[in-house]
>>> print(open('final_19.cif').read())   # mmCIF, C-alpha atoms
data_start
#
loop_
_atom_site.group_PDB
_atom_site.id
_atom_site.type_symbol
_atom_site.label_atom_id
_atom_site.label_comp_id
_atom_site.auth_asym_id
_atom_site.auth_seq_id
_atom_site.Cartn_x
_atom_site.Cartn_y
_atom_site.Cartn_z
ATOM 1 C CA MET C 21 29.979 -23.971 -24.509
ATOM 2 C CA GLU C 22 26.491 -25.437 -24.804
ATOM 3 C CA LEU C 23 24.511 -27.757 -22.559
ATOM 4 C CA ARG C 24 24.853 -30.548 -25.126
ATOM 5 C CA HIS C 25 28.641 -30.372 -24.731
ATOM 6 C CA LEU C 26 28.207 -31.004 -21.017
ATOM 7 C CA LYS C 27 25.946 -33.974 -21.752
ATOM 8 C CA TYR C 28 28.537 -35.408 -24.146
ATOM 9 C CA PHE C 29 31.328 -34.975 -21.621
ATOM 10 C CA ILE C 30 29.329 -36.534 -18.756
ATOM 11 C CA ALA C 31 28.549 -39.599 -20.890
ATOM 12 C CA VAL C 32 32.204 -40.097 -21.791
ATOM 13 C CA ALA C 33 33.344 -39.430 -18.217
ATOM 14 C CA GLU C 34 30.909 -41.978 -16.802
ATOM 15 C CA GLU C 35 31.563 -44.648 -19.436
ATOM 16 C CA LEU C 36 35.285 -43.925 -19.791
ATOM 17 C CA HIS C 37 34.873 -45.236 -23.316
ATOM 18 C CA PHE C 38 34.007 -43.214 -26.417
ATOM 19 C CA GLY C 39 32.287 -46.119 -28.149
ATOM 20 C CA ARG C 40 29.943 -46.910 -25.260
ATOM 21 C CA ALA C 41 29.283 -43.203 -24.702
ATOM 22 C CA ALA C 42 28.394 -42.769 -28.389
ATOM 23 C CA VAL C 43 25.888 -45.655 -28.186
ATOM 24 C CA ARG C 44 24.379 -44.141 -25.027
ATOM 25 C CA LEU C 45 24.006 -40.783 -26.779
ATOM 26 C CA HIS C 46 22.646 -42.327 -29.996
ATOM 27 C CA MET C 47 25.372 -40.798 -32.127
ATOM 28 C CA ALA C 48 28.470 -41.869 -34.023
ATOM 29 C CA GLN C 49 31.818 -41.983 -32.239
ATOM 30 C CA PRO C 50 33.815 -39.572 -34.479
ATOM 31 C CA PRO C 51 31.441 -36.592 -33.999
ATOM 32 C CA LEU C 52 31.464 -37.282 -30.243
ATOM 33 C CA SER C 53 35.273 -37.219 -30.167
ATOM 34 C CA GLN C 54 35.223 -33.964 -32.137
ATOM 35 C CA GLN C 55 32.770 -32.318 -29.724
ATOM 36 C CA ILE C 56 34.832 -33.306 -26.679
ATOM 37 C CA GLN C 57 37.952 -31.933 -28.355
ATOM 38 C CA LYS C 58 36.070 -28.717 -29.148
ATOM 39 C CA LEU C 59 35.025 -28.421 -25.482
ATOM 40 C CA GLU C 60 38.600 -28.870 -24.273
ATOM 41 C CA ASP C 61 39.857 -26.335 -26.807
ATOM 42 C CA GLU C 62 37.273 -23.795 -25.662
ATOM 43 C CA LEU C 63 38.179 -24.306 -22.015
ATOM 44 C CA GLY C 64 41.886 -24.451 -22.681
ATOM 45 C CA VAL C 65 42.035 -27.430 -20.329
ATOM 46 C CA ARG C 66 42.571 -31.159 -20.940
ATOM 47 C CA LEU C 67 39.667 -33.037 -19.340
ATOM 48 C CA LEU C 68 40.472 -36.547 -20.511
ATOM 49 C CA GLU C 69 43.634 -38.596 -20.959
ATOM 50 C CA ARG C 70 43.234 -40.837 -23.995
ATOM 51 C CA THR C 71 45.297 -43.852 -24.916
ATOM 52 C CA LYS C 72 44.565 -46.776 -27.221
ATOM 53 C CA ARG C 73 43.678 -48.884 -24.205
ATOM 54 C CA LYS C 74 41.713 -46.557 -21.970
ATOM 55 C CA VAL C 75 40.222 -43.146 -21.241
ATOM 56 C CA GLU C 76 40.790 -41.479 -17.881
ATOM 57 C CA LEU C 77 39.705 -38.212 -16.276
ATOM 58 C CA THR C 78 42.348 -35.651 -15.497
ATOM 59 C CA ALA C 79 42.262 -33.824 -12.178
ATOM 60 C CA SER C 80 40.566 -30.922 -13.949
ATOM 61 C CA GLY C 81 38.170 -33.356 -15.610
ATOM 62 C CA LYS C 82 37.067 -34.810 -12.275
ATOM 63 C CA LEU C 83 36.186 -31.380 -10.883
ATOM 64 C CA PHE C 84 34.589 -30.287 -14.153
ATOM 65 C CA LEU C 85 32.413 -33.439 -14.083
ATOM 66 C CA GLU C 86 30.948 -32.441 -10.713
ATOM 67 C CA GLU C 87 30.155 -28.933 -11.913
ATOM 68 C CA ALA C 88 28.767 -30.182 -15.235
ATOM 69 C CA ARG C 89 26.322 -32.450 -13.427
ATOM 70 C CA LEU C 90 25.199 -29.581 -11.179
ATOM 71 C CA THR C 91 24.791 -27.312 -14.200
ATOM 72 C CA LEU C 92 22.576 -29.818 -16.022
ATOM 73 C CA GLN C 93 20.531 -30.423 -12.873
ATOM 74 C CA GLN C 94 19.980 -26.691 -12.496
ATOM 75 C CA ALA C 95 19.076 -26.364 -16.178
ATOM 76 C CA ASP C 96 16.555 -29.203 -15.829
ATOM 77 C CA ARG C 97 15.123 -27.535 -12.724
ATOM 78 C CA ALA C 98 14.805 -24.199 -14.530
ATOM 79 C CA LYS C 99 13.006 -25.911 -17.409
ATOM 80 C CA ARG C 100 10.668 -27.746 -15.030
ATOM 81 C CA ILE C 101 9.838 -24.560 -13.106
ATOM 82 C CA ALA C 102 9.093 -22.694 -16.332
ATOM 83 C CA ILE C 103 6.740 -25.448 -17.502
ATOM 84 C CA GLU C 104 5.057 -25.727 -14.090
ATOM 85 C CA THR C 105 4.601 -21.958 -13.935
ATOM 86 C CA GLU C 106 2.986 -21.954 -17.385
ATOM 87 C CA ARG C 107 0.632 -24.727 -16.254
ATOM 88 C CA GLY C 108 -0.223 -22.915 -13.028
ATOM 89 C CA ILE C 109 1.529 -25.458 -10.803
ATOM 90 C CA ARG C 110 4.259 -23.152 -9.513
ATOM 91 C CA GLY C 111 4.775 -19.404 -9.230
ATOM 92 C CA ARG C 112 3.557 -16.436 -7.221
ATOM 93 C CA LEU C 113 0.325 -14.455 -7.024
ATOM 94 C CA ARG C 114 0.029 -11.051 -5.374
ATOM 95 C CA ILE C 115 -3.494 -10.296 -4.161
ATOM 96 C CA GLY C 116 -4.708 -6.939 -2.876
ATOM 97 C CA PHE C 117 -7.794 -6.832 -0.677
ATOM 98 C CA VAL C 118 -10.006 -4.468 1.272
ATOM 99 C CA THR C 119 -10.240 -5.164 4.995
ATOM 100 C CA SER C 120 -13.836 -6.378 4.892
ATOM 101 C CA ALA C 121 -12.893 -9.155 2.438
ATOM 102 C CA SER C 122 -10.808 -10.743 5.197
ATOM 103 C CA TYR C 123 -14.025 -11.125 7.224
ATOM 104 C CA SER C 124 -15.883 -12.953 4.465
ATOM 105 C CA ILE C 125 -14.563 -14.950 1.517
ATOM 106 C CA LEU C 126 -10.809 -14.334 1.591
ATOM 107 C CA PRO C 127 -9.715 -16.791 4.332
ATOM 108 C CA ILE C 128 -11.636 -19.732 2.821
ATOM 109 C CA THR C 129 -10.449 -18.846 -0.684
ATOM 110 C CA ILE C 130 -6.825 -18.817 0.443
ATOM 111 C CA ARG C 131 -7.184 -22.136 2.269
ATOM 112 C CA ARG C 132 -8.693 -23.895 -0.744
ATOM 113 C CA PHE C 133 -6.264 -22.349 -3.191
ATOM 114 C CA ARG C 134 -3.282 -23.509 -1.154
ATOM 115 C CA LEU C 135 -4.676 -27.037 -1.019
ATOM 116 C CA GLU C 136 -4.997 -27.095 -4.814
ATOM 117 C CA HIS C 137 -1.767 -25.198 -5.516
ATOM 118 C CA PRO C 138 0.769 -25.865 -2.756
ATOM 119 C CA PHE C 139 3.667 -24.552 -4.866
ATOM 120 C CA ILE C 140 2.096 -21.176 -5.659
ATOM 121 C CA ASP C 141 3.269 -18.482 -3.252
ATOM 122 C CA LEU C 142 0.455 -16.113 -2.262
ATOM 123 C CA GLU C 143 1.373 -12.577 -1.267
ATOM 124 C CA LEU C 144 -1.574 -10.811 0.380
ATOM 125 C CA ILE C 145 -1.573 -7.034 0.640
ATOM 126 C CA GLU C 146 -4.282 -5.041 2.433
ATOM 127 C CA MET C 147 -5.106 -1.986 0.302
ATOM 128 C CA ILE C 148 -7.825 0.581 -0.120
ATOM 129 C CA PRO C 149 -9.555 0.377 -3.542
ATOM 130 C CA SER C 150 -7.787 3.378 -5.085
ATOM 131 C CA ARG C 151 -4.393 1.906 -4.214
ATOM 132 C CA GLN C 152 -5.446 -1.477 -5.630
ATOM 133 C CA ILE C 153 -6.343 0.155 -8.951
ATOM 134 C CA GLU C 154 -2.919 1.798 -9.078
ATOM 135 C CA ALA C 155 -1.188 -1.452 -8.129
ATOM 136 C CA LEU C 156 -3.041 -3.392 -10.825
ATOM 137 C CA GLY C 157 -2.009 -0.752 -13.340
ATOM 138 C CA ASP C 158 1.676 -0.864 -12.506
ATOM 139 C CA GLY C 159 1.798 -4.637 -12.019
ATOM 140 C CA THR C 160 2.420 -4.555 -8.264
ATOM 141 C CA ILE C 161 -0.496 -6.956 -7.714
ATOM 142 C CA ASP C 162 -2.156 -9.556 -9.952
ATOM 143 C CA ALA C 163 -5.710 -9.231 -8.603
ATOM 144 C CA GLY C 164 -7.647 -7.174 -6.099
ATOM 145 C CA LEU C 165 -10.721 -7.761 -3.959
ATOM 146 C CA MET C 166 -12.544 -4.456 -3.730
ATOM 147 C CA ARG C 167 -15.937 -2.786 -3.585
ATOM 148 C CA PRO C 168 -17.302 -1.552 -6.955
ATOM 149 C CA PRO C 169 -17.742 0.695 -8.802
ATOM 150 C CA VAL C 170 -14.350 0.856 -10.520
ATOM 151 C CA ALA C 171 -14.034 3.287 -13.427
ATOM 152 C CA ASP C 172 -11.067 1.794 -15.259
ATOM 153 C CA GLN C 173 -11.556 0.241 -18.682
ATOM 154 C CA HIS C 174 -8.256 -1.624 -18.407
ATOM 155 C CA LEU C 175 -9.574 -3.763 -15.542
ATOM 156 C CA HIS C 176 -11.903 -6.725 -15.601
ATOM 157 C CA LEU C 177 -14.316 -6.945 -12.654
ATOM 158 C CA GLU C 178 -16.202 -10.034 -11.553
ATOM 159 C CA THR C 179 -18.652 -9.796 -8.675
ATOM 160 C CA VAL C 180 -17.864 -12.635 -6.271
ATOM 161 C CA LEU C 181 -20.174 -11.706 -3.398
ATOM 162 C CA GLU C 182 -23.374 -9.696 -3.123
ATOM 163 C CA GLU C 183 -25.000 -9.303 0.252
ATOM 164 C CA PRO C 184 -27.335 -7.034 2.234
ATOM 165 C CA LEU C 185 -26.274 -4.369 4.668
ATOM 166 C CA VAL C 186 -27.106 -4.736 8.346
ATOM 167 C CA VAL C 187 -27.056 -2.190 11.141
ATOM 168 C CA ALA C 188 -24.157 -2.585 13.561
ATOM 169 C CA MET C 189 -25.078 -0.917 16.867
ATOM 170 C CA PRO C 190 -23.935 -1.131 20.491
ATOM 171 C CA ASN C 191 -25.677 -4.067 22.126
ATOM 172 C CA ASP C 192 -27.106 -1.776 24.833
ATOM 173 C CA HIS C 193 -28.882 0.388 22.233
ATOM 174 C CA ARG C 194 -32.646 0.530 22.647
ATOM 175 C CA LYS C 195 -33.173 -1.118 19.241
ATOM 176 C CA ALA C 196 -30.522 -3.817 19.674
ATOM 177 C CA MET C 197 -33.010 -6.550 20.554
ATOM 178 C CA GLN C 198 -35.312 -5.929 17.586
ATOM 179 C CA LYS C 199 -35.522 -8.622 14.888
ATOM 180 C CA SER C 200 -35.192 -5.913 12.241
ATOM 181 C CA VAL C 201 -35.072 -2.147 12.033
ATOM 182 C CA ASP C 202 -36.453 0.390 9.595
ATOM 183 C CA LEU C 203 -33.505 2.534 8.502
ATOM 184 C CA LYS C 204 -35.564 5.746 8.547
ATOM 185 C CA THR C 205 -35.984 5.387 12.333
ATOM 186 C CA LEU C 206 -32.210 5.872 12.657
ATOM 187 C CA ALA C 207 -32.181 9.305 11.003
ATOM 188 C CA GLU C 208 -31.190 11.046 14.248
ATOM 189 C CA GLU C 209 -28.418 8.596 15.148
ATOM 190 C CA SER C 210 -24.684 9.205 14.806
ATOM 191 C CA PHE C 211 -22.911 7.009 12.259
ATOM 192 C CA VAL C 212 -19.379 5.689 11.959
ATOM 193 C CA LEU C 213 -18.543 5.286 8.261
ATOM 194 C CA PHE C 214 -15.627 4.949 5.874
ATOM 195 C CA PRO C 215 -14.441 8.221 4.350
ATOM 196 C CA ARG C 216 -15.344 8.162 0.670
ATOM 197 C CA ARG C 217 -11.749 8.554 -0.494
ATOM 198 C CA HIS C 218 -10.844 5.233 1.171
ATOM 199 C CA GLY C 219 -13.957 3.186 0.462
ATOM 200 C CA PRO C 220 -16.085 4.843 -2.236
ATOM 201 C CA GLY C 221 -17.998 1.647 -3.025
ATOM 202 C CA ILE C 222 -19.327 0.908 0.438
ATOM 203 C CA HIS C 223 -19.620 4.626 1.276
ATOM 204 C CA ASP C 224 -21.871 5.298 -1.717
ATOM 205 C CA VAL C 225 -24.037 2.212 -1.102
ATOM 206 C CA ILE C 226 -24.654 3.344 2.466
ATOM 207 C CA LEU C 227 -25.578 6.860 1.325
ATOM 208 C CA VAL C 228 -28.004 5.401 -1.223
ATOM 209 C CA ALA C 229 -29.653 3.299 1.473
ATOM 210 C CA CYS C 230 -30.009 6.324 3.754
ATOM 211 C CA ARG C 231 -31.375 8.529 0.958
ATOM 212 C CA GLU C 232 -33.966 5.872 0.145
ATOM 213 C CA ALA C 233 -34.928 6.049 3.828
ATOM 214 C CA GLY C 234 -35.301 9.820 3.518
ATOM 215 C CA PHE C 235 -32.264 11.223 5.298
ATOM 216 C CA SER C 236 -28.550 11.924 5.073
ATOM 217 C CA PRO C 237 -26.585 10.269 7.880
ATOM 218 C CA HIS C 238 -24.907 12.323 10.553
ATOM 219 C CA VAL C 239 -21.321 11.009 10.454
ATOM 220 C CA SER C 240 -19.496 11.433 13.739
ATOM 221 C CA TYR C 241 -16.359 9.433 12.903
ATOM 222 C CA GLU C 242 -14.666 8.262 9.682
ATOM 223 C CA PRO C 243 -12.067 5.568 10.450
ATOM 224 C CA ASN C 244 -10.088 4.095 7.556
ATOM 225 C CA GLU C 245 -10.409 0.426 8.518
ATOM 226 C CA MET C 246 -13.375 -1.874 9.101
ATOM 227 C CA GLN C 247 -11.993 -3.208 12.385
ATOM 228 C CA THR C 248 -11.720 0.373 13.646
ATOM 229 C CA ILE C 249 -15.322 1.078 12.660
ATOM 230 C CA LEU C 250 -16.439 -1.986 14.632
ATOM 231 C CA ALA C 251 -14.305 -0.937 17.596
ATOM 232 C CA TYR C 252 -15.946 2.518 17.584
ATOM 233 C CA VAL C 253 -19.410 0.954 17.445
ATOM 234 C CA ALA C 254 -18.518 -1.432 20.275
ATOM 235 C CA ALA C 255 -17.359 1.586 22.309
ATOM 236 C CA GLY C 256 -20.747 3.258 21.864
ATOM 237 C CA LEU C 257 -19.503 6.067 19.622
ATOM 238 C CA GLY C 258 -22.183 5.503 16.999
ATOM 239 C CA MET C 259 -23.659 2.885 14.702
ATOM 240 C CA SER C 260 -22.764 1.776 11.210
ATOM 241 C CA LEU C 261 -24.050 -0.120 8.193
ATOM 242 C CA VAL C 262 -21.848 -3.091 7.338
ATOM 243 C CA PRO C 263 -21.969 -6.138 5.042
ATOM 244 C CA GLN C 264 -23.941 -8.982 6.600
ATOM 245 C CA SER C 265 -20.965 -11.349 6.341
ATOM 246 C CA ILE C 266 -19.271 -9.345 9.095
ATOM 247 C CA SER C 267 -22.058 -10.182 11.568
ATOM 248 C CA GLY C 268 -20.620 -11.896 14.595
ATOM 249 C CA PHE C 269 -17.439 -9.874 15.076
ATOM 250 C CA HIS C 270 -17.443 -8.217 18.512
ATOM 251 C CA SER C 271 -20.771 -10.017 19.070
ATOM 252 C CA ASP C 272 -20.355 -9.563 22.826
ATOM 253 C CA SER C 273 -20.624 -5.792 22.418
ATOM 254 C CA ILE C 274 -22.263 -5.233 19.009
ATOM 255 C CA ALA C 275 -25.740 -6.173 17.795
ATOM 256 C CA TYR C 276 -26.165 -6.780 14.066
ATOM 257 C CA VAL C 277 -29.755 -6.054 13.105
ATOM 258 C CA PRO C 278 -31.241 -6.651 9.620
ATOM 259 C CA LEU C 279 -32.700 -3.719 7.716
ATOM 260 C CA ARG C 280 -36.434 -3.911 7.169
ATOM 261 C CA GLY C 281 -37.713 -3.060 3.710
ATOM 262 C CA SER C 282 -34.334 -2.242 2.181
ATOM 263 C CA HIS C 283 -33.194 -3.921 -1.022
ATOM 264 C CA VAL C 284 -29.760 -2.269 -1.127
ATOM 265 C CA ARG C 285 -26.913 -4.741 -1.651
ATOM 266 C CA ILE C 286 -23.169 -4.335 -1.273
ATOM 267 C CA GLU C 287 -20.862 -6.068 -3.762
ATOM 268 C CA LEU C 288 -17.378 -7.465 -3.435
ATOM 269 C CA ALA C 289 -15.599 -7.871 -6.766
ATOM 270 C CA LEU C 290 -12.366 -9.443 -7.933
ATOM 271 C CA ALA C 291 -10.491 -7.081 -10.246
ATOM 272 C CA THR C 292 -7.836 -8.253 -12.705
ATOM 273 C CA ARG C 293 -6.080 -6.661 -15.633
ATOM 274 C CA ALA C 294 -7.924 -7.050 -18.912
ATOM 275 C CA GLY C 295 -6.582 -9.867 -21.052
ATOM 276 C CA GLU C 296 -5.880 -13.556 -20.604
ATOM 277 C CA PRO C 297 -4.821 -14.328 -17.008
ATOM 278 C CA CYS C 298 -2.243 -16.995 -16.164
ATOM 279 C CA GLU C 299 -3.463 -20.443 -15.124
ATOM 280 C CA SER C 300 -2.870 -19.894 -11.413
ATOM 281 C CA LEU C 301 -4.814 -16.626 -11.469
ATOM 282 C CA LYS C 302 -7.659 -18.324 -13.353
ATOM 283 C CA SER C 303 -7.776 -20.907 -10.597
ATOM 284 C CA PHE C 304 -7.782 -18.247 -7.862
ATOM 285 C CA CYS C 305 -10.671 -16.437 -9.597
ATOM 286 C CA ARG C 306 -12.638 -19.679 -9.911
ATOM 287 C CA ILE C 307 -12.196 -20.596 -6.247
ATOM 288 C CA CYS C 308 -13.051 -17.050 -5.165
ATOM 289 C CA SER C 309 -16.321 -17.187 -7.140
ATOM 290 C CA GLU C 310 -17.212 -20.601 -5.716
ATOM 291 C CA VAL C 311 -16.626 -19.435 -2.150
ATOM 292 C CA GLY C 312 -18.685 -16.309 -2.841
ATOM 293 C CA LEU C 313 -21.646 -18.367 -4.039
ATOM 294 C CA GLU C 314 -21.434 -20.545 -0.938
ATOM 295 C CA GLN C 315 -21.293 -17.425 1.227
ATOM 296 C CA VAL C 316 -24.407 -16.008 -0.420
ATOM 297 C CA SER C 317 -26.226 -19.283 0.207
ATOM 298 C CA ARG C 318 -25.281 -19.221 3.896
ATOM 299 C CA ILE C 319 -26.324 -15.584 4.226
ATOM 300 C CA ARG C 320 -29.769 -16.366 2.817
ATOM 301 C CA LYS C 321 -30.240 -19.279 5.205
ATOM 302 C CA SER C 322 -28.854 -17.646 8.354
ATOM 303 C CA PRO C 323 -30.170 -14.356 9.745
ATOM 304 C CA PRO C 324 -27.629 -11.940 11.266
ATOM 305 C CA ILE C 325 -26.755 -12.146 14.927
ATOM 306 C CA SER C 326 -28.696 -9.597 16.984
ATOM 307 C CA GLY C 327 -26.861 -8.933 20.184
#
>>> encode(input="final_19.cif", output="C-alpha cells")
Amino acid sequence: MELRHLKYFIAVAEELHFGRAAVRLHMAQPPLSQQIQKLEDELGVRLLERTKRKVELTASGKLFLEEARLTLQQADRAKRIAIETERGIRGRLRIGFVTSASYSILPITIRRFRLEHPFIDLELIEMIPSRQIEALGDGTIDAGLMRPPVADQHLHLETVLEEPLVVAMPNDHRKAMQKSVDLKTLAEESFVLFPRRHGPGIHDVILVACREAGFSPHVSYEPNEMQTILAYVAAGLGMSLVPQSISGFHSDSIAYVPLRGSHVRIELALATRAGEPCESLKSFCRICSEVGLEQVSRIRKSPPISG
C-alpha cells in the first residue's frame, strides 16, 4: 500500500463518485477504479459498495477513511519537518560551553538565536574543554564554546571573543582601590586558579602573564568552576586572574582591577566539527560572532569595576 492509494481512496470516498474523483485527481476513471480495487484486494476488505447508481462507504471504509486522512496528514508533517530542518527552521542543536562563557556572550547569543529560530530546540551542556572535544568527536554535541588552544585537526575553531585579564581580589585588599595594578607586585600573593586538566586554555594564559611579570604564581586553591573561584576570592582565600567580561559578579565583595602594562589576552572560541555545518548551526555561529564583537566593543569602552 502506497500513499497515492490513500489519496485515491480519500478522493473517491469524499466525492462518492468515481468520475468526479478522477477529475479531481487529474486522471482517467478506469485506472482509478483499478487502483481502488487493488487497495481492497491488498487489505482483504471491501471499502466501497458500488452500484450503477451510487457509491457508498462500507463500515470498514468509513473507519479506514479516518485513518487514511490521519496517515496523509502525518506524512505531510514529516515532509514539512524534513524540509524545515534542512533549511534551518526546525531541529535541535546541542551546545557545550565552559562556565565562563555563561558570564559573557552565551546568554545574549541564546536569546537572539531563539528569536530568529523559535522552532530550533537548544540543549545547553556545561562541560570542561576536554569533555567538549570528546563530545564533538562522538557527536554528543554540535558545537562547543571553549578556551583555546585545541589540538584536534578534525575541529574547526573560530575565535568569538578576545579580552584582557583583570585581577579579581577581595574588596578589602590593600590594592583593591587602585585604578590598575602591575602584576609583578602580586608575586607574593596566593592565587585561586583552574587546574590545568580542567581549563588548560585559561590556565596557560594566566601562567604566561605571570611569567612575563617575572614570577610563577603561588596557587593555594584549584576549584573546577569559575563561580567557585569567585566565591573563594570573595571569601578572602586568594586572588585570581579572570576574563574582563566577568567583572561585576560578586561586586559587593570582589574588586576587579585592570592589569597595567600587560598585553595578554584570553580567547573564547566556538568549536565545530570540520565540514559543512547545517543551516541552524551556521546561524548560531554567526550570532555568536556578532555578540562577541559587540562584547569586545563594550569592553574597550567600559573599564572594569574596581570594588
>>> axis_aligned_box(input="final_19.cif", around="range 27-36 of chain C", padding_each_side="3 Å", output="AutoDock Vina command-line options")
--center_x 30.6 --center_y -39.3 --center_z -20.5 --size_x 15.3 --size_y 16.7 --size_z 13.3
>>> resolve_selection(input="final_19.cif", expression="the PyMOL selection byres ((chain C and resi 294) around 9)", output="count of residues only")
10
>>> resolve_selection(input="final_19.cif", expression="the PyMOL selection byres ((chain C and resi 243-245) around 7)", output="list in words")
Thr119, Leu213, Phe214, Pro215, His218, Tyr241, Glu242, Met246, Gln247, Thr248 and Ile249 of chain C
>>> atom_distance(input="final_19.cif", atom1="CA of Gln315 in chain C", atom2="CA of Tyr123 in chain C")
11.3 Å
>>> closest_residue(input="final_19.cif", among="C:Arg73, C:His223, C:Lys195, C:Arg306", to="Pro278 in chain C", atoms="only C-alpha atoms")
C:Lys195
>>> closest_residue(input="final_19.cif", among="C:Glu60, C:Glu208, C:Glu35, C:Glu183", to="Ala289 in chain C", atoms="only C-alpha atoms")
C:Glu183
>>> resolve_selection(input="final_19.cif", expression="the PyMOL selection byres ((chain C and resi 209) around 8)", output="list in words")
Leu206, Ala207, Glu208, Ser210, Phe211, Pro237, His238, Gly258 and Met259 of chain C
>>> closest_residue(input="final_19.cif", among="C:Ala41, C:Leu181, C:Arg216, C:Leu26", to="Ile148 in chain C", atoms="all atoms listed in the file")
C:Arg216
>>> closest_residue(input="final_19.cif", among="C:Ser317, C:Gln264, C:Ser303, C:Gln54", to="Arg134 in chain C", atoms="only C-alpha atoms")
C:Ser303
>>> closest_residue(input="final_19.cif", among="C:Glu87, C:Glu143, C:Glu182, C:Asp162", to="Arg318 in chain C", atoms="all atoms listed in the file")
C:Glu182
>>> atom_distance(input="final_19.cif", atom1="CA of Met47 in chain C", atom2="CA of Phe29 in chain C")
13.4 Å
>>> atom_distance(input="final_19.cif", atom1="CA of Glu22 in chain C", atom2="CA of Leu90 in chain C")
14.3 Å
>>> closest_residue(input="final_19.cif", among="C:Ile103, C:Val284, C:Ile125, C:Ala48", to="Gly312 in chain C", atoms="only C-alpha atoms")
C:Ile125
>>> residues_around(input="final_19.cif", residues="Lys204 in chain C", least_positions_apart="3", cutoff="9 Å", atoms="all atoms listed in the file", output="list in words")
Val201, Ala207, Glu208, Cys230, Glu232, Ala233, Gly234 and Phe235 of chain C
>>> write_last_selection(input="final_19.cif", atoms="C-alpha atoms", output="mmCIF file, in the coordinates of the input")
data_model
loop_
_atom_site.group_PDB
_atom_site.id
_atom_site.type_symbol
_atom_site.label_atom_id
_atom_site.label_comp_id
_atom_site.auth_asym_id
_atom_site.auth_seq_id
_atom_site.Cartn_x
_atom_site.Cartn_y
_atom_site.Cartn_z
ATOM 1 C CA VAL C 201 -35.072 -2.147 12.033
ATOM 2 C CA ALA C 207 -32.181 9.305 11.003
ATOM 3 C CA GLU C 208 -31.190 11.046 14.248
ATOM 4 C CA CYS C 230 -30.009 6.324 3.754
ATOM 5 C CA GLU C 232 -33.966 5.872 0.145
ATOM 6 C CA ALA C 233 -34.928 6.049 3.828
ATOM 7 C CA GLY C 234 -35.301 9.820 3.518
ATOM 8 C CA PHE C 235 -32.264 11.223 5.298
#
>>> residues_near_point(input="final_19.cif", point="(-39.6, -5.0, 10.6)", cutoff="8 Å", atoms="all atoms listed in the file", output="PyMOL selection string")
chain C and resi 199-202+279-281
>>> residues_around(input="final_19.cif", residues="Ala88 in chain C", least_positions_apart="3", cutoff="8 Å", atoms="all atoms listed in the file", output="PDB file with C-alpha atoms, keeping the file's coordinate frame")
ATOM      1  CA  LEU C  26      28.207 -31.004 -21.017  1.00  0.00           C
ATOM      2  CA  ILE C  30      29.329 -36.534 -18.756  1.00  0.00           C
ATOM      3  CA  PHE C  84      34.589 -30.287 -14.153  1.00  0.00           C
ATOM      4  CA  LEU C  85      32.413 -33.439 -14.083  1.00  0.00           C
ATOM      5  CA  THR C  91      24.791 -27.312 -14.200  1.00  0.00           C
ATOM      6  CA  LEU C  92      22.576 -29.818 -16.022  1.00  0.00           C
TER       7      LEU C  92
END
>>> residues_around(input="final_19.cif", residues="Leu290 in chain C", least_positions_apart="3", cutoff="10 Å", atoms="all atoms listed in the file", output="short mmCIF file (atom, residue, chain, number, x, y, z; two decimals) with C-alpha atoms, in the frame of the given file")
data_model
loop_
_atom_site.label_atom_id
_atom_site.label_comp_id
_atom_site.auth_asym_id
_atom_site.auth_seq_id
_atom_site.Cartn_x
_atom_site.Cartn_y
_atom_site.Cartn_z
CA ILE C 115 -3.49 -10.30 -4.16
CA GLY C 116 -4.71 -6.94 -2.88
CA PHE C 117 -7.79 -6.83 -0.68
CA ALA C 163 -5.71 -9.23 -8.60
CA GLY C 164 -7.65 -7.17 -6.10
CA LEU C 165 -10.72 -7.76 -3.96
CA MET C 166 -12.54 -4.46 -3.73
CA ARG C 167 -15.94 -2.79 -3.58
CA PRO C 168 -17.30 -1.55 -6.96
CA LEU C 175 -9.57 -3.76 -15.54
CA HIS C 176 -11.90 -6.72 -15.60
CA LEU C 177 -14.32 -6.94 -12.65
CA GLU C 178 -16.20 -10.03 -11.55
CA THR C 179 -18.65 -9.80 -8.68
CA VAL C 180 -17.86 -12.64 -6.27
CA LEU C 181 -20.17 -11.71 -3.40
CA PHE C 304 -7.78 -18.25 -7.86
CA CYS C 305 -10.67 -16.44 -9.60
CA CYS C 308 -13.05 -17.05 -5.16
CA SER C 309 -16.32 -17.19 -7.14
#
>>> build_atoms(input="final_19.cif", residues="range 182-190 of chain C", atoms="N, CA and C atoms", output="PDB file, in the frame of the given file")
ATOM      1  N   GLU C 182     -22.375 -10.761  -3.231  1.00  0.00           N
ATOM      2  CA  GLU C 182     -23.374  -9.696  -3.123  1.00  0.00           C
ATOM      3  C   GLU C 182     -24.231 -10.009  -1.902  1.00  0.00           C
ATOM      4  N   GLU C 183     -24.317  -9.036  -1.009  1.00  0.00           N
ATOM      5  CA  GLU C 183     -25.000  -9.303   0.252  1.00  0.00           C
ATOM      6  C   GLU C 183     -25.685  -8.046   0.771  1.00  0.00           C
ATOM      7  N   PRO C 184     -26.653  -8.207   1.675  1.00  0.00           N
ATOM      8  CA  PRO C 184     -27.335  -7.034   2.234  1.00  0.00           C
ATOM      9  C   PRO C 184     -26.491  -6.334   3.289  1.00  0.00           C
ATOM     10  N   LEU C 185     -26.860  -5.102   3.550  1.00  0.00           N
ATOM     11  CA  LEU C 185     -26.274  -4.369   4.668  1.00  0.00           C
ATOM     12  C   LEU C 185     -27.087  -4.646   5.928  1.00  0.00           C
ATOM     13  N   VAL C 186     -26.418  -4.644   7.060  1.00  0.00           N
ATOM     14  CA  VAL C 186     -27.106  -4.736   8.346  1.00  0.00           C
ATOM     15  C   VAL C 186     -26.635  -3.570   9.208  1.00  0.00           C
ATOM     16  N   VAL C 187     -27.430  -3.257  10.213  1.00  0.00           N
ATOM     17  CA  VAL C 187     -27.056  -2.190  11.141  1.00  0.00           C
ATOM     18  C   VAL C 187     -26.193  -2.780  12.250  1.00  0.00           C
ATOM     19  N   ALA C 188     -25.009  -2.214  12.431  1.00  0.00           N
ATOM     20  CA  ALA C 188     -24.157  -2.585  13.561  1.00  0.00           C
ATOM     21  C   ALA C 188     -24.336  -1.500  14.621  1.00  0.00           C
ATOM     22  N   MET C 189     -24.826  -1.889  15.789  1.00  0.00           N
ATOM     23  CA  MET C 189     -25.078  -0.917  16.867  1.00  0.00           C
ATOM     24  C   MET C 189     -24.619  -1.493  18.196  1.00  0.00           C
ATOM     25  N   PRO C 190     -24.320  -0.625  19.167  1.00  0.00           N
ATOM     26  CA  PRO C 190     -23.935  -1.131  20.491  1.00  0.00           C
ATOM     27  C   PRO C 190     -25.033  -2.040  21.040  1.00  0.00           C
TER      28      PRO C 190
END
